[in-house]
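To be precise, the following lines are structure-v4.txt, and they hold compact mmCIF, C-alpha atoms (C1' of nucleotides).
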# COMPACT_ATOMS: atom_id res chain seq x y z
CA MET A 1 -4.29 30.25 12.23
CA SER A 2 -6.82 29.52 9.61
CA ALA A 3 -8.82 27.59 12.16
CA GLU A 4 -9.22 30.84 14.04
CA THR A 5 -9.63 33.13 11.09
CA ARG A 6 -12.06 31.22 8.88
CA PRO A 7 -13.74 28.45 10.80
CA ASP A 8 -17.12 29.08 9.23
CA ASP A 9 -15.71 28.83 5.80
CA ALA A 10 -14.55 25.31 6.42
CA ALA A 11 -17.80 24.35 8.09
CA ALA A 12 -19.76 25.74 5.18
CA ARG A 13 -17.69 23.82 2.68
CA ILE A 14 -18.21 20.60 4.59
CA ARG A 15 -21.89 21.18 4.95
CA GLY A 16 -22.14 22.22 1.33
CA ALA A 17 -20.78 18.84 0.38
CA GLY A 18 -23.65 17.17 2.18
CA LEU A 19 -21.55 16.09 5.13
CA LYS A 20 -22.03 16.70 8.81
CA VAL A 21 -19.70 19.22 10.36
CA THR A 22 -17.59 17.59 13.05
CA ALA A 23 -14.50 18.55 14.98
CA PRO A 24 -12.26 15.91 13.35
CA ARG A 25 -13.30 17.11 9.91
CA LEU A 26 -12.55 20.72 10.70
CA ALA A 27 -9.22 19.76 12.22
CA VAL A 28 -8.20 17.64 9.23
CA LEU A 29 -9.19 20.33 6.77
CA ASP A 30 -7.23 22.83 8.75
CA ALA A 31 -4.14 20.65 9.07
CA VAL A 32 -4.02 19.98 5.36
CA ALA A 33 -4.70 23.61 4.46
CA ASP A 34 -1.74 24.70 6.56
CA HIS A 35 0.70 22.12 5.31
CA GLY A 36 -0.25 20.48 2.04
CA HIS A 37 1.11 17.12 0.92
CA LEU A 38 0.73 15.33 4.20
CA ASP A 39 0.22 11.61 4.58
CA ALA A 40 -2.42 10.15 6.88
CA ASP A 41 0.04 9.75 9.75
CA ALA A 42 1.19 13.34 9.51
CA VAL A 43 -2.38 14.58 9.38
CA HIS A 44 -3.16 12.47 12.40
CA ALA A 45 -0.22 13.93 14.31
CA ARG A 46 -1.37 17.48 13.58
CA VAL A 47 -5.00 16.72 14.32
CA ALA A 48 -4.03 15.10 17.61
CA GLU A 49 -2.49 18.38 18.77
CA ALA A 50 -5.81 20.15 18.58
CA LEU A 51 -7.97 17.13 19.30
CA PRO A 52 -6.15 14.61 21.46
CA GLY A 53 -7.61 11.15 21.34
CA THR A 54 -8.59 11.30 17.72
CA SER A 55 -8.01 7.88 16.25
CA LEU A 56 -5.94 7.26 13.16
CA GLN A 57 -8.89 5.37 11.74
CA SER A 58 -11.00 8.51 11.99
CA VAL A 59 -8.38 10.42 10.12
CA TYR A 60 -8.57 7.81 7.36
CA ASN A 61 -12.36 8.07 7.36
CA VAL A 62 -12.27 11.84 7.24
CA LEU A 63 -9.62 11.99 4.55
CA GLY A 64 -11.64 9.56 2.48
CA ALA A 65 -14.88 11.46 2.94
CA LEU A 66 -13.36 14.86 2.21
CA THR A 67 -11.55 13.51 -0.82
CA ASP A 68 -14.74 11.95 -2.16
CA ALA A 69 -16.51 15.22 -1.55
CA GLY A 70 -13.88 17.09 -3.55
CA LEU A 71 -12.65 19.15 -0.61
CA LEU A 72 -9.28 17.45 -0.61
CA ARG A 73 -7.19 15.89 -3.30
CA ARG A 74 -5.24 12.69 -2.85
CA ILE A 75 -1.99 12.05 -4.69
CA GLU A 76 -0.07 8.81 -4.64
CA PRO A 77 3.50 9.16 -5.81
CA ALA A 78 5.26 5.86 -6.44
CA ALA A 79 6.68 4.30 -3.31
CA SER A 80 4.97 6.81 -1.02
CA PRO A 81 1.90 6.61 1.12
CA ALA A 82 -0.98 8.72 -0.18
CA LEU A 83 -0.61 12.46 0.35
CA TYR A 84 -3.42 14.96 0.75
CA GLU A 85 -3.64 18.59 -0.30
CA SER A 86 -6.36 21.17 -0.22
CA ARG A 87 -5.76 22.72 -3.62
CA THR A 88 -8.47 21.04 -5.65
CA GLY A 89 -10.31 21.77 -8.82
CA ASP A 90 -7.40 22.84 -10.95
CA ASN A 91 -5.51 19.82 -12.19
CA HIS A 92 -2.09 20.94 -11.13
CA HIS A 93 0.87 18.62 -10.98
CA HIS A 94 3.69 17.77 -8.60
CA VAL A 95 7.44 17.53 -8.30
CA VAL A 96 8.78 14.97 -5.88
CA CYS A 97 12.33 15.00 -4.55
CA THR A 98 13.93 11.63 -5.18
CA ARG A 99 16.21 12.12 -2.20
CA CYS A 100 14.06 13.51 0.61
CA ARG A 101 10.57 13.00 -0.81
CA ALA A 102 9.64 16.67 -0.50
CA VAL A 103 6.70 17.54 -2.72
CA ALA A 104 5.88 20.83 -4.39
CA ASP A 105 3.08 21.94 -6.65
CA VAL A 106 3.78 22.61 -10.28
CA ASN A 107 1.50 24.52 -12.55
CA CYS A 108 0.51 23.09 -15.85
CA VAL A 109 3.12 22.26 -18.40
CA VAL A 110 3.80 23.64 -21.86
CA GLY A 111 0.88 25.63 -23.04
CA GLU A 112 -2.29 25.94 -21.08
CA PRO A 113 -4.45 23.31 -19.50
CA PRO A 114 -5.63 20.95 -20.77
CA CYS A 115 -1.95 20.87 -21.47
CA LEU A 116 -1.67 17.24 -22.35
CA ALA A 117 -3.09 15.18 -25.11
CA PRO A 118 -1.72 11.75 -25.78
CA SER A 119 -0.48 11.31 -29.31
CA ASP A 120 -2.16 7.93 -29.27
CA GLY A 121 -4.80 7.04 -26.76
CA ALA A 122 -4.86 3.33 -27.53
CA GLY A 123 -8.65 3.49 -27.88
CA PHE A 124 -9.14 4.86 -24.40
CA ALA A 125 -11.52 7.73 -23.69
CA ILE A 126 -9.14 9.79 -21.63
CA HIS A 127 -10.42 12.19 -19.03
CA THR A 128 -7.42 13.00 -16.91
CA ALA A 129 -3.72 13.48 -17.36
CA GLU A 130 -1.63 13.17 -14.27
CA VAL A 131 1.95 14.39 -14.31
CA THR A 132 4.61 13.77 -11.73
CA PHE A 133 8.05 15.25 -12.06
CA TRP A 134 10.96 13.70 -10.25
CA GLY A 135 14.10 15.56 -9.32
CA LEU A 136 16.19 17.03 -6.52
CA CYS A 137 14.76 19.74 -4.33
CA ALA A 138 16.75 22.89 -3.66
CA ASP A 139 17.86 21.73 -0.21
CA CYS A 140 19.11 18.38 -1.45
CA GLN A 141 20.95 20.02 -4.34
CA ARG A 142 22.72 22.22 -1.83
CA GLU A 143 23.59 19.36 0.48
CA LEU A 144 24.97 17.25 -2.32
CA ALA A 145 26.99 20.15 -3.71
CA GLY A 146 28.43 21.13 -0.32
CA MET B 1 7.16 -18.30 -27.74
CA SER B 2 9.94 -15.88 -27.21
CA ALA B 3 11.41 -18.30 -24.71
CA GLU B 4 11.80 -20.73 -27.57
CA THR B 5 12.79 -18.29 -30.24
CA ARG B 6 15.26 -16.09 -28.45
CA PRO B 7 16.44 -17.68 -25.24
CA ASP B 8 20.04 -16.64 -25.71
CA ASP B 9 19.07 -13.07 -26.17
CA ALA B 10 17.54 -12.96 -22.75
CA ALA B 11 20.46 -14.78 -21.20
CA ALA B 12 22.88 -12.37 -22.82
CA ARG B 13 20.97 -9.39 -21.55
CA ILE B 14 20.94 -10.75 -18.02
CA ARG B 15 24.62 -11.59 -18.16
CA GLY B 16 25.39 -8.25 -19.72
CA ALA B 17 23.85 -6.58 -16.70
CA GLY B 18 26.32 -8.37 -14.46
CA LEU B 19 23.79 -10.84 -13.16
CA LYS B 20 23.88 -14.61 -13.12
CA VAL B 21 21.63 -16.32 -15.58
CA THR B 22 19.05 -18.44 -13.77
CA ALA B 23 15.86 -20.18 -14.73
CA PRO B 24 13.61 -17.90 -12.66
CA ARG B 25 15.15 -14.84 -14.27
CA LEU B 26 14.65 -16.15 -17.76
CA ALA B 27 11.10 -17.13 -16.94
CA VAL B 28 10.26 -13.74 -15.46
CA LEU B 29 11.77 -11.89 -18.38
CA ASP B 30 9.81 -14.07 -20.73
CA ALA B 31 6.53 -13.68 -18.86
CA VAL B 32 6.79 -9.91 -18.82
CA ALA B 33 7.89 -9.74 -22.45
CA ASP B 34 4.82 -11.67 -23.51
CA HIS B 35 2.31 -9.75 -21.45
CA GLY B 36 3.51 -6.37 -20.27
CA HIS B 37 2.02 -4.54 -17.28
CA LEU B 38 1.83 -7.50 -14.96
CA ASP B 39 1.95 -7.30 -11.20
CA ALA B 40 4.14 -9.56 -9.11
CA ASP B 41 1.35 -12.04 -8.52
CA ALA B 42 0.54 -12.31 -12.21
CA VAL B 43 4.20 -12.77 -13.06
CA HIS B 44 4.41 -15.45 -10.42
CA ALA B 45 1.42 -17.25 -11.86
CA ARG B 46 2.96 -17.28 -15.32
CA VAL B 47 6.40 -18.25 -14.08
CA ALA B 48 4.91 -21.08 -12.07
CA GLU B 49 3.54 -22.64 -15.26
CA ALA B 50 7.00 -23.10 -16.65
CA LEU B 51 8.77 -23.50 -13.36
CA PRO B 52 6.48 -24.99 -10.74
CA GLY B 53 7.62 -24.43 -7.20
CA THR B 54 9.05 -21.02 -7.83
CA SER B 55 8.34 -18.92 -4.77
CA LEU B 56 6.62 -15.59 -4.89
CA GLN B 57 9.52 -14.17 -2.94
CA SER B 58 11.87 -15.17 -5.74
CA VAL B 59 9.68 -13.38 -8.20
CA TYR B 60 9.96 -10.27 -6.06
CA ASN B 61 13.73 -10.71 -5.92
CA VAL B 62 14.00 -11.22 -9.64
CA LEU B 63 11.71 -8.34 -10.50
CA GLY B 64 13.74 -6.11 -8.23
CA ALA B 65 17.05 -7.22 -9.68
CA LEU B 66 15.94 -6.93 -13.28
CA THR B 67 14.39 -3.54 -12.65
CA ASP B 68 17.56 -2.27 -10.98
CA ALA B 69 19.54 -3.64 -13.91
CA GLY B 70 17.35 -1.72 -16.33
CA LEU B 71 15.95 -4.82 -18.03
CA LEU B 72 12.47 -4.17 -16.72
CA ARG B 73 10.59 -1.04 -15.83
CA ARG B 74 8.31 -0.73 -12.85
CA ILE B 75 5.27 1.50 -12.87
CA GLU B 76 3.05 2.21 -9.91
CA PRO B 77 -0.32 3.64 -10.84
CA ALA B 78 -2.29 5.02 -7.92
CA ALA B 79 -4.21 2.35 -6.04
CA SER B 80 -2.55 -0.51 -7.93
CA PRO B 81 0.23 -2.86 -7.03
CA ALA B 82 3.43 -2.25 -8.98
CA LEU B 83 3.35 -3.37 -12.61
CA TYR B 84 6.29 -4.46 -14.71
CA GLU B 85 6.97 -4.09 -18.40
CA SER B 86 9.88 -4.89 -20.63
CA ARG B 87 9.83 -1.76 -22.75
CA THR B 88 12.61 0.23 -21.13
CA GLY B 89 14.85 3.05 -22.14
CA ASP B 90 12.32 5.25 -23.85
CA ASN B 91 10.32 7.19 -21.32
CA HIS B 92 6.93 6.29 -22.62
CA HIS B 93 3.76 6.83 -20.66
CA HIS B 94 0.62 4.92 -19.76
CA VAL B 95 -3.15 5.04 -19.88
CA VAL B 96 -5.00 3.22 -17.14
CA CYS B 97 -8.64 2.27 -17.36
CA THR B 98 -10.47 3.62 -14.34
CA ARG B 99 -13.02 0.83 -14.58
CA CYS B 100 -11.08 -2.36 -15.25
CA ARG B 101 -7.53 -1.24 -14.59
CA ALA B 102 -6.28 -2.25 -18.04
CA VAL B 103 -3.05 -0.51 -18.92
CA ALA B 104 -1.73 0.49 -22.33
CA ASP B 105 1.40 2.23 -23.46
CA VAL B 106 1.19 5.76 -24.78
CA ASN B 107 3.88 7.45 -26.75
CA CYS B 108 5.08 10.84 -25.75
CA VAL B 109 2.67 13.73 -25.60
CA VAL B 110 2.45 16.95 -27.57
CA GLY B 111 5.64 17.54 -29.41
CA GLU B 112 8.58 15.29 -29.09
CA PRO B 113 10.36 13.97 -26.06
CA PRO B 114 11.44 15.55 -23.82
CA CYS B 115 7.86 16.55 -24.20
CA LEU B 116 7.36 18.03 -20.80
CA ALA B 117 8.89 20.98 -19.08
CA PRO B 118 7.29 22.33 -15.97
CA SER B 119 6.43 25.98 -16.23
CA ASP B 120 7.78 26.35 -12.73
CA GLY B 121 10.02 23.77 -11.15
CA ALA B 122 9.81 25.16 -7.64
CA GLY B 123 13.60 25.12 -7.41
CA PHE B 124 13.84 21.43 -8.16
CA ALA B 125 16.40 20.01 -10.59
CA ILE B 126 14.02 17.87 -12.55
CA HIS B 127 15.23 14.79 -14.34
CA THR B 128 12.10 12.84 -15.15
CA ALA B 129 8.54 13.56 -16.11
CA GLU B 130 6.08 10.77 -15.55
CA VAL B 131 2.67 10.94 -17.15
CA THR B 132 -0.32 8.77 -16.43
CA PHE B 133 -3.54 9.17 -18.32
CA TRP B 134 -6.79 7.95 -16.84
CA GLY B 135 -9.81 7.01 -18.86
CA LEU B 136 -12.06 4.23 -20.08
CA CYS B 137 -10.63 1.48 -22.23
CA ALA B 138 -12.38 0.46 -25.44
CA ASP B 139 -13.98 -2.61 -23.87
CA CYS B 140 -15.39 -0.71 -20.93
CA GLN B 141 -16.73 2.04 -23.20
CA ARG B 142 -18.54 -0.63 -25.16
CA GLU B 143 -19.93 -2.34 -22.09
CA LEU B 144 -21.20 0.91 -20.61
CA ALA B 145 -22.73 1.97 -23.90
CA GLY B 146 -24.44 -1.38 -24.46
C1' DA C 1 35.52 -30.58 -9.86
C1' DC C 2 35.81 -26.95 -6.43
C1' DG C 3 35.13 -22.87 -4.17
C1' DT C 4 33.31 -18.35 -4.07
C1' DT C 5 29.66 -15.47 -4.54
C1' DG C 6 25.33 -14.42 -5.87
C1' DT C 7 20.31 -16.62 -5.83
C1' DT C 8 16.47 -18.78 -4.19
C1' DT C 9 13.79 -20.53 -0.55
C1' DT C 10 11.61 -20.45 3.86
C1' DG C 11 9.64 -17.96 7.27
C1' DA C 12 8.75 -13.98 9.75
C1' DG C 13 7.60 -9.05 9.92
C1' DT C 14 5.98 -4.35 8.45
C1' DG C 15 3.43 -0.27 6.61
C1' DA C 16 -0.54 1.45 4.93
C1' DC C 17 -4.53 0.70 4.70
C1' DT C 18 -9.66 -1.54 4.64
C1' DC C 19 -13.72 -3.83 6.87
C1' DA C 20 -17.18 -4.28 10.44
C1' DA C 21 -19.65 -3.71 14.68
C1' DA C 22 -20.67 -0.98 18.49
C1' DA C 23 -20.68 3.58 20.81
C1' DC C 24 -21.69 8.15 19.91
C1' DA C 25 -22.92 12.90 18.11
C1' DA C 26 -25.06 16.16 14.22
C1' DC C 27 -28.84 17.68 12.21
C1' DT C 28 -34.23 17.40 11.48
C1' DG C 29 -38.84 17.76 12.79
C1' DG C 30 -41.98 18.05 16.18
C1' DC D 1 -35.19 22.43 22.83
C1' DC D 2 -35.61 17.60 23.04
C1' DA D 3 -36.09 13.07 20.80
C1' DG D 4 -35.12 10.31 16.63
C1' DT D 5 -32.73 9.26 12.78
C1' DT D 6 -28.80 8.96 10.34
C1' DG D 7 -24.23 9.68 9.61
C1' DT D 8 -19.51 9.59 12.38
C1' DT D 9 -16.09 8.01 15.23
C1' DT D 10 -14.02 4.51 17.83
C1' DT D 11 -12.31 -0.04 18.70
C1' DG D 12 -10.45 -3.98 17.05
C1' DA D 13 -9.50 -7.23 13.67
C1' DG D 14 -7.88 -8.37 9.07
C1' DT D 15 -5.65 -7.82 4.41
C1' DC D 16 -2.56 -6.74 0.69
C1' DA D 17 1.76 -5.93 -1.12
C1' DC D 18 5.59 -6.01 -0.02
C1' DT D 19 10.48 -6.09 2.76
C1' DC D 20 14.03 -8.32 5.85
C1' DA D 21 16.99 -12.11 7.23
C1' DA D 22 19.00 -16.60 7.58
C1' DA D 23 19.80 -20.91 5.63
C1' DA D 24 19.94 -23.97 1.55
C1' DC D 25 21.46 -23.97 -2.97
C1' DA D 26 23.31 -23.15 -7.78
C1' DA D 27 26.06 -20.34 -11.40
C1' DC D 28 30.34 -19.12 -13.01
C1' DG D 29 35.60 -18.53 -12.85
C1' DT D 30 39.71 -21.21 -12.15

Transcribe the structure of this file into structure tokens.
Amino acid sequence: MSAETRPDDAAARIRGAGLKVTAPRLAVLDAVADHGHLDADAVHARVAEALPGTSLQSVYNVLGALTDAGLLRRIEPAASPALYESRTGDNHHHVVCTRCRAVADVNCVVGEPPCLAPSDGAGFAIHTAEVTFWGLCADCQRELAG
Amino acid sequence: MSAETRPDDAAARIRGAGLKVTAPRLAVLDAVADHGHLDADAVHARVAEALPGTSLQSVYNVLGALTDAGLLRRIEPAASPALYESRTGDNHHHVVCTRCRAVADVNCVVGEPPCLAPSDGAGFAIHTAEVTFWGLCADCQRELAG
DNA sequence: ACGTTGTTTTGAGTGACTCAAAACAACTGG
DNA sequence: CCAGTTGTTTTGAGTCACTCAAAACAACGT
């Protein structure tokens, strides 16, 4: 949908980042915008629908370039391949289902962002706090209860 | 040192977890106790000093068994191999240096533990909050300033 | 000391990437 | 609007950090 409704938007964002606008890049951006929290394989599968013949390597290249450019954000939950999402800029957090690995966004915790300050930074100059919550998603709760 | 000063302690803890007490397990426990936040390779290197011929695979087995038993804790910072530490039970957090990858422990953030509650859990039943801070360690700050 | 059962070793295999060279396509400038 | 330049994509190989499985071995209970 969004590929049809706002193609120029995406192109402009890519160009604005100093990158050339190419079909794989548009397709990747679109795939991730539609279904956040996808790993490289999943992105590749979705891109291949619109652009058959696209190599997995290209998807890695594109994901890397768009992430470096700040158009995508990469998260790496423990024991998962890297996941990509298009909500960037805010430093929101994530909940991961320990049973089915579903991921959802979570807005900042107690108080307002920057919501986290370590009580003791061990001499580090801290610039980012990354929070991952682990739990059971609604579906898995239901299945386990049933 | 701790291998000399408290060997029975370690043995008792292993036995108490329902595991057999073996030389590789004692050596791994000791290596991690002395120098927390080691990856499997680093543990292997240290174990090999005391117990030459120990296979890397054994180290993986031992780390897995001790982690499952709750005697070690595994952390997996983004873009790092898994690291092991012996401080378990409290849910403390970590700071990772973005330049040299040094890791330090951080006590709980604002307020007291449980210090984190998502403002919106997206329907998940959350049981753990994991926090990773990213920044520059003291040494790297100094080197960059110099 | 013996047997059972859990460990360690040996060796192979996998997933998720990264690296590099060659083929190709976007943008620039003429 | 066509060529050149430069950045992209493809192809293909290689790596890291593990996991899986079978066989050799050692810890603990009796």

Is it possible to see chain B as an mmCIF file with C-alpha atoms, in the frame of the given file, once it has been laid onto chain A by a least-squares fit on every C-alpha atom in order?
data_model
loop_
_atom_site.group_PDB
_atom_site.id
_atom_site.type_symbol
_atom_site.label_atom_id
_atom_site.label_comp_id
_atom_site.auth_asym_id
_atom_site.auth_seq_id
_atom_site.Cartn_x
_atom_site.Cartn_y
_atom_site.Cartn_z
ATOM 1 C CA MET B 1 -4.242 30.179 12.121
ATOM 2 C CA SER B 2 -6.809 29.502 9.510
ATOM 3 C CA ALA B 3 -8.778 27.597 12.110
ATOM 4 C CA GLU B 4 -9.091 30.853 13.991
ATOM 5 C CA THR B 5 -9.533 33.148 11.059
ATOM 6 C CA ARG B 6 -11.954 31.245 8.900
ATOM 7 C CA PRO B 7 -13.633 28.475 10.833
ATOM 8 C CA ASP B 8 -17.038 29.091 9.320
ATOM 9 C CA ASP B 9 -15.673 28.844 5.860
ATOM 10 C CA ALA B 10 -14.526 25.329 6.474
ATOM 11 C CA ALA B 11 -17.765 24.388 8.166
ATOM 12 C CA ALA B 12 -19.740 25.789 5.264
ATOM 13 C CA ARG B 13 -17.695 23.860 2.767
ATOM 14 C CA ILE B 14 -18.189 20.626 4.666
ATOM 15 C CA ARG B 15 -21.897 21.245 5.040
ATOM 16 C CA GLY B 16 -22.154 22.277 1.427
ATOM 17 C CA ALA B 17 -20.798 18.888 0.450
ATOM 18 C CA GLY B 18 -23.665 17.223 2.275
ATOM 19 C CA LEU B 19 -21.552 16.136 5.197
ATOM 20 C CA LYS B 20 -22.020 16.747 8.889
ATOM 21 C CA VAL B 21 -19.694 19.244 10.435
ATOM 22 C CA THR B 22 -17.552 17.592 13.102
ATOM 23 C CA ALA B 23 -14.465 18.537 15.026
ATOM 24 C CA PRO B 24 -12.241 15.910 13.382
ATOM 25 C CA ARG B 25 -13.283 17.110 9.947
ATOM 26 C CA LEU B 26 -12.534 20.711 10.733
ATOM 27 C CA ALA B 27 -9.211 19.747 12.237
ATOM 28 C CA VAL B 28 -8.206 17.640 9.247
ATOM 29 C CA LEU B 29 -9.194 20.328 6.793
ATOM 30 C CA ASP B 30 -7.214 22.825 8.783
ATOM 31 C CA ALA B 31 -4.137 20.622 9.080
ATOM 32 C CA VAL B 32 -4.024 19.964 5.360
ATOM 33 C CA ALA B 33 -4.695 23.598 4.487
ATOM 34 C CA ASP B 34 -1.734 24.684 6.568
ATOM 35 C CA HIS B 35 0.712 22.104 5.305
ATOM 36 C CA GLY B 36 -0.269 20.481 2.040
ATOM 37 C CA HIS B 37 1.057 17.099 0.896
ATOM 38 C CA LEU B 38 0.696 15.310 4.189
ATOM 39 C CA ASP B 39 0.183 11.598 4.578
ATOM 40 C CA ALA B 40 -2.438 10.134 6.872
ATOM 41 C CA ASP B 41 0.010 9.721 9.722
ATOM 42 C CA ALA B 42 1.190 13.312 9.493
ATOM 43 C CA VAL B 43 -2.381 14.562 9.383
ATOM 44 C CA HIS B 44 -3.146 12.448 12.407
ATOM 45 C CA ALA B 45 -0.209 13.892 14.289
ATOM 46 C CA ARG B 46 -1.354 17.433 13.588
ATOM 47 C CA VAL B 47 -4.989 16.699 14.337
ATOM 48 C CA ALA B 48 -4.018 15.072 17.605
ATOM 49 C CA GLU B 49 -2.467 18.341 18.785
ATOM 50 C CA ALA B 50 -5.782 20.102 18.613
ATOM 51 C CA LEU B 51 -7.934 17.105 19.323
ATOM 52 C CA PRO B 52 -6.106 14.578 21.467
ATOM 53 C CA GLY B 53 -7.567 11.114 21.350
ATOM 54 C CA THR B 54 -8.573 11.283 17.740
ATOM 55 C CA SER B 55 -7.999 7.858 16.252
ATOM 56 C CA LEU B 56 -5.954 7.250 13.168
ATOM 57 C CA GLN B 57 -8.896 5.362 11.749
ATOM 58 C CA SER B 58 -11.011 8.496 12.010
ATOM 59 C CA VAL B 59 -8.396 10.403 10.118
ATOM 60 C CA TYR B 60 -8.600 7.799 7.378
ATOM 61 C CA ASN B 61 -12.387 8.084 7.393
ATOM 62 C CA VAL B 62 -12.295 11.845 7.269
ATOM 63 C CA LEU B 63 -9.650 11.987 4.575
ATOM 64 C CA GLY B 64 -11.686 9.567 2.514
ATOM 65 C CA ALA B 65 -14.910 11.484 2.987
ATOM 66 C CA LEU B 66 -13.387 14.864 2.258
ATOM 67 C CA THR B 67 -11.586 13.526 -0.785
ATOM 68 C CA ASP B 68 -14.779 11.963 -2.133
ATOM 69 C CA ALA B 69 -16.551 15.253 -1.486
ATOM 70 C CA GLY B 70 -13.928 17.099 -3.500
ATOM 71 C CA LEU B 71 -12.664 19.166 -0.569
ATOM 72 C CA LEU B 72 -9.302 17.449 -0.593
ATOM 73 C CA ARG B 73 -7.230 15.870 -3.301
ATOM 74 C CA ARG B 74 -5.272 12.683 -2.865
ATOM 75 C CA ILE B 75 -2.042 12.043 -4.701
ATOM 76 C CA GLU B 76 -0.102 8.813 -4.667
ATOM 77 C CA PRO B 77 3.475 9.172 -5.826
ATOM 78 C CA ALA B 78 5.239 5.891 -6.484
ATOM 79 C CA ALA B 79 6.665 4.324 -3.344
ATOM 80 C CA SER B 80 4.948 6.819 -1.034
ATOM 81 C CA PRO B 81 1.866 6.592 1.090
ATOM 82 C CA ALA B 82 -1.023 8.696 -0.191
ATOM 83 C CA LEU B 83 -0.656 12.441 0.338
ATOM 84 C CA TYR B 84 -3.441 14.957 0.730
ATOM 85 C CA GLU B 85 -3.670 18.577 -0.299
ATOM 86 C CA SER B 86 -6.382 21.169 -0.209
ATOM 87 C CA ARG B 87 -5.788 22.711 -3.609
ATOM 88 C CA THR B 88 -8.518 21.039 -5.625
ATOM 89 C CA GLY B 89 -10.341 21.756 -8.811
ATOM 90 C CA ASP B 90 -7.433 22.825 -10.946
ATOM 91 C CA ASN B 91 -5.540 19.829 -12.212
ATOM 92 C CA HIS B 92 -2.134 20.945 -11.143
ATOM 93 C CA HIS B 93 0.839 18.638 -10.992
ATOM 94 C CA HIS B 94 3.655 17.791 -8.611
ATOM 95 C CA VAL B 95 7.408 17.541 -8.309
ATOM 96 C CA VAL B 96 8.755 14.993 -5.873
ATOM 97 C CA CYS B 97 12.285 15.035 -4.554
ATOM 98 C CA THR B 98 13.896 11.674 -5.184
ATOM 99 C CA ARG B 99 16.167 12.150 -2.190
ATOM 100 C CA CYS B 100 14.005 13.529 0.605
ATOM 101 C CA ARG B 101 10.533 13.018 -0.801
ATOM 102 C CA ALA B 102 9.577 16.690 -0.505
ATOM 103 C CA VAL B 103 6.652 17.554 -2.727
ATOM 104 C CA ALA B 104 5.822 20.851 -4.404
ATOM 105 C CA ASP B 105 3.024 21.952 -6.654
ATOM 106 C CA VAL B 106 3.727 22.626 -10.300
ATOM 107 C CA ASN B 107 1.452 24.518 -12.584
ATOM 108 C CA CYS B 108 0.492 23.070 -15.887
ATOM 109 C CA VAL B 109 3.146 22.209 -18.417
ATOM 110 C CA VAL B 110 3.901 23.573 -21.862
ATOM 111 C CA GLY B 111 1.007 25.571 -23.104
ATOM 112 C CA GLU B 112 -2.159 25.911 -21.189
ATOM 113 C CA PRO B 113 -4.384 23.327 -19.619
ATOM 114 C CA PRO B 114 -5.542 20.960 -20.937
ATOM 115 C CA CYS B 115 -1.860 20.833 -21.562
ATOM 116 C CA LEU B 116 -1.593 17.199 -22.413
ATOM 117 C CA ALA B 117 -3.002 15.150 -25.208
ATOM 118 C CA PRO B 118 -1.628 11.722 -25.850
ATOM 119 C CA SER B 119 -0.387 11.276 -29.370
ATOM 120 C CA ASP B 120 -2.070 7.903 -29.332
ATOM 121 C CA GLY B 121 -4.716 6.999 -26.812
ATOM 122 C CA ALA B 122 -4.756 3.299 -27.591
ATOM 123 C CA GLY B 123 -8.534 3.429 -27.955
ATOM 124 C CA PHE B 124 -9.055 4.816 -24.485
ATOM 125 C CA ALA B 125 -11.461 7.678 -23.778
ATOM 126 C CA ILE B 126 -9.104 9.746 -21.716
ATOM 127 C CA HIS B 127 -10.409 12.138 -19.122
ATOM 128 C CA THR B 128 -7.419 12.977 -16.975
ATOM 129 C CA ALA B 129 -3.721 13.468 -17.420
ATOM 130 C CA GLU B 130 -1.627 13.167 -14.310
ATOM 131 C CA VAL B 131 1.939 14.394 -14.335
ATOM 132 C CA THR B 132 4.600 13.782 -11.745
ATOM 133 C CA PHE B 133 8.033 15.271 -12.064
ATOM 134 C CA TRP B 134 10.963 13.728 -10.255
ATOM 135 C CA GLY B 135 14.078 15.592 -9.304
ATOM 136 C CA LEU B 136 16.161 17.055 -6.511
ATOM 137 C CA CYS B 137 14.711 19.764 -4.324
ATOM 138 C CA ALA B 138 16.693 22.926 -3.632
ATOM 139 C CA ASP B 139 17.798 21.762 -0.186
ATOM 140 C CA CYS B 140 19.057 18.424 -1.417
ATOM 141 C CA GLN B 141 20.906 20.059 -4.318
ATOM 142 C CA ARG B 142 22.646 22.270 -1.803
ATOM 143 C CA GLU B 143 23.513 19.421 0.524
ATOM 144 C CA LEU B 144 24.929 17.299 -2.278
ATOM 145 C CA ALA B 145 26.909 20.205 -3.664
ATOM 146 C CA GLY B 146 28.329 21.167 -0.270
#

Residues of chain B that approach chain C to 10 Å or less, counting all atoms listed in the file: could you list each one with the shortest pair of atoms and its distance in Å to one decimal, rows by chain and increasing residue number, as a tab-separated table?
residue	atom	partner	partner_atom	distance
B:Leu19	CA	C:DG6	C1'	8.3
B:Lys20	CA	C:DG6	C1'	7.4
B:Val21	CA	C:DT7	C1'	9.8
B:Thr22	CA	C:DT7	C1'	8.2
B:Pro24	CA	C:DT8	C1'	9.0
B:Gly53	CA	C:DT9	C1'	9.9
B:Thr54	CA	C:DT8	C1'	8.6
B:Ser55	CA	C:DT9	C1'	7.1
B:Leu56	CA	C:DT9	C1'	9.7
B:Gln57	CA	C:DT9	C1'	8.0
B:Ser58	CA	C:DT8	C1'	6.0
B:Val59	CA	C:DT8	C1'	9.6
B:Asn61	CA	C:DT8	C1'	8.7
B:Val62	CA	C:DT7	C1'	9.1

Compile a residue-level contact table for chain D against chain A at a cut-off of 10 Å, reporting for every qualifying residue the shortest atom pair and its distance in Å to one decimal, with all atoms listed in the file counted, rows ordered by chain and ascending number, as JSON lines.
{"residue": "D:DG7", "atom": "C1'", "partner": "A:Lys20", "partner_atom": "CA", "distance": 7.4}
{"residue": "D:DT8", "atom": "C1'", "partner": "A:Thr22", "partner_atom": "CA", "distance": 8.3}
{"residue": "D:DT9", "atom": "C1'", "partner": "A:Ser58", "partner_atom": "CA", "distance": 6.1}
{"residue": "D:DT10", "atom": "C1'", "partner": "A:Ser55", "partner_atom": "CA", "distance": 7.1}
{"residue": "D:DT11", "atom": "C1'", "partner": "A:Ser55", "partner_atom": "CA", "distance": 9.3}
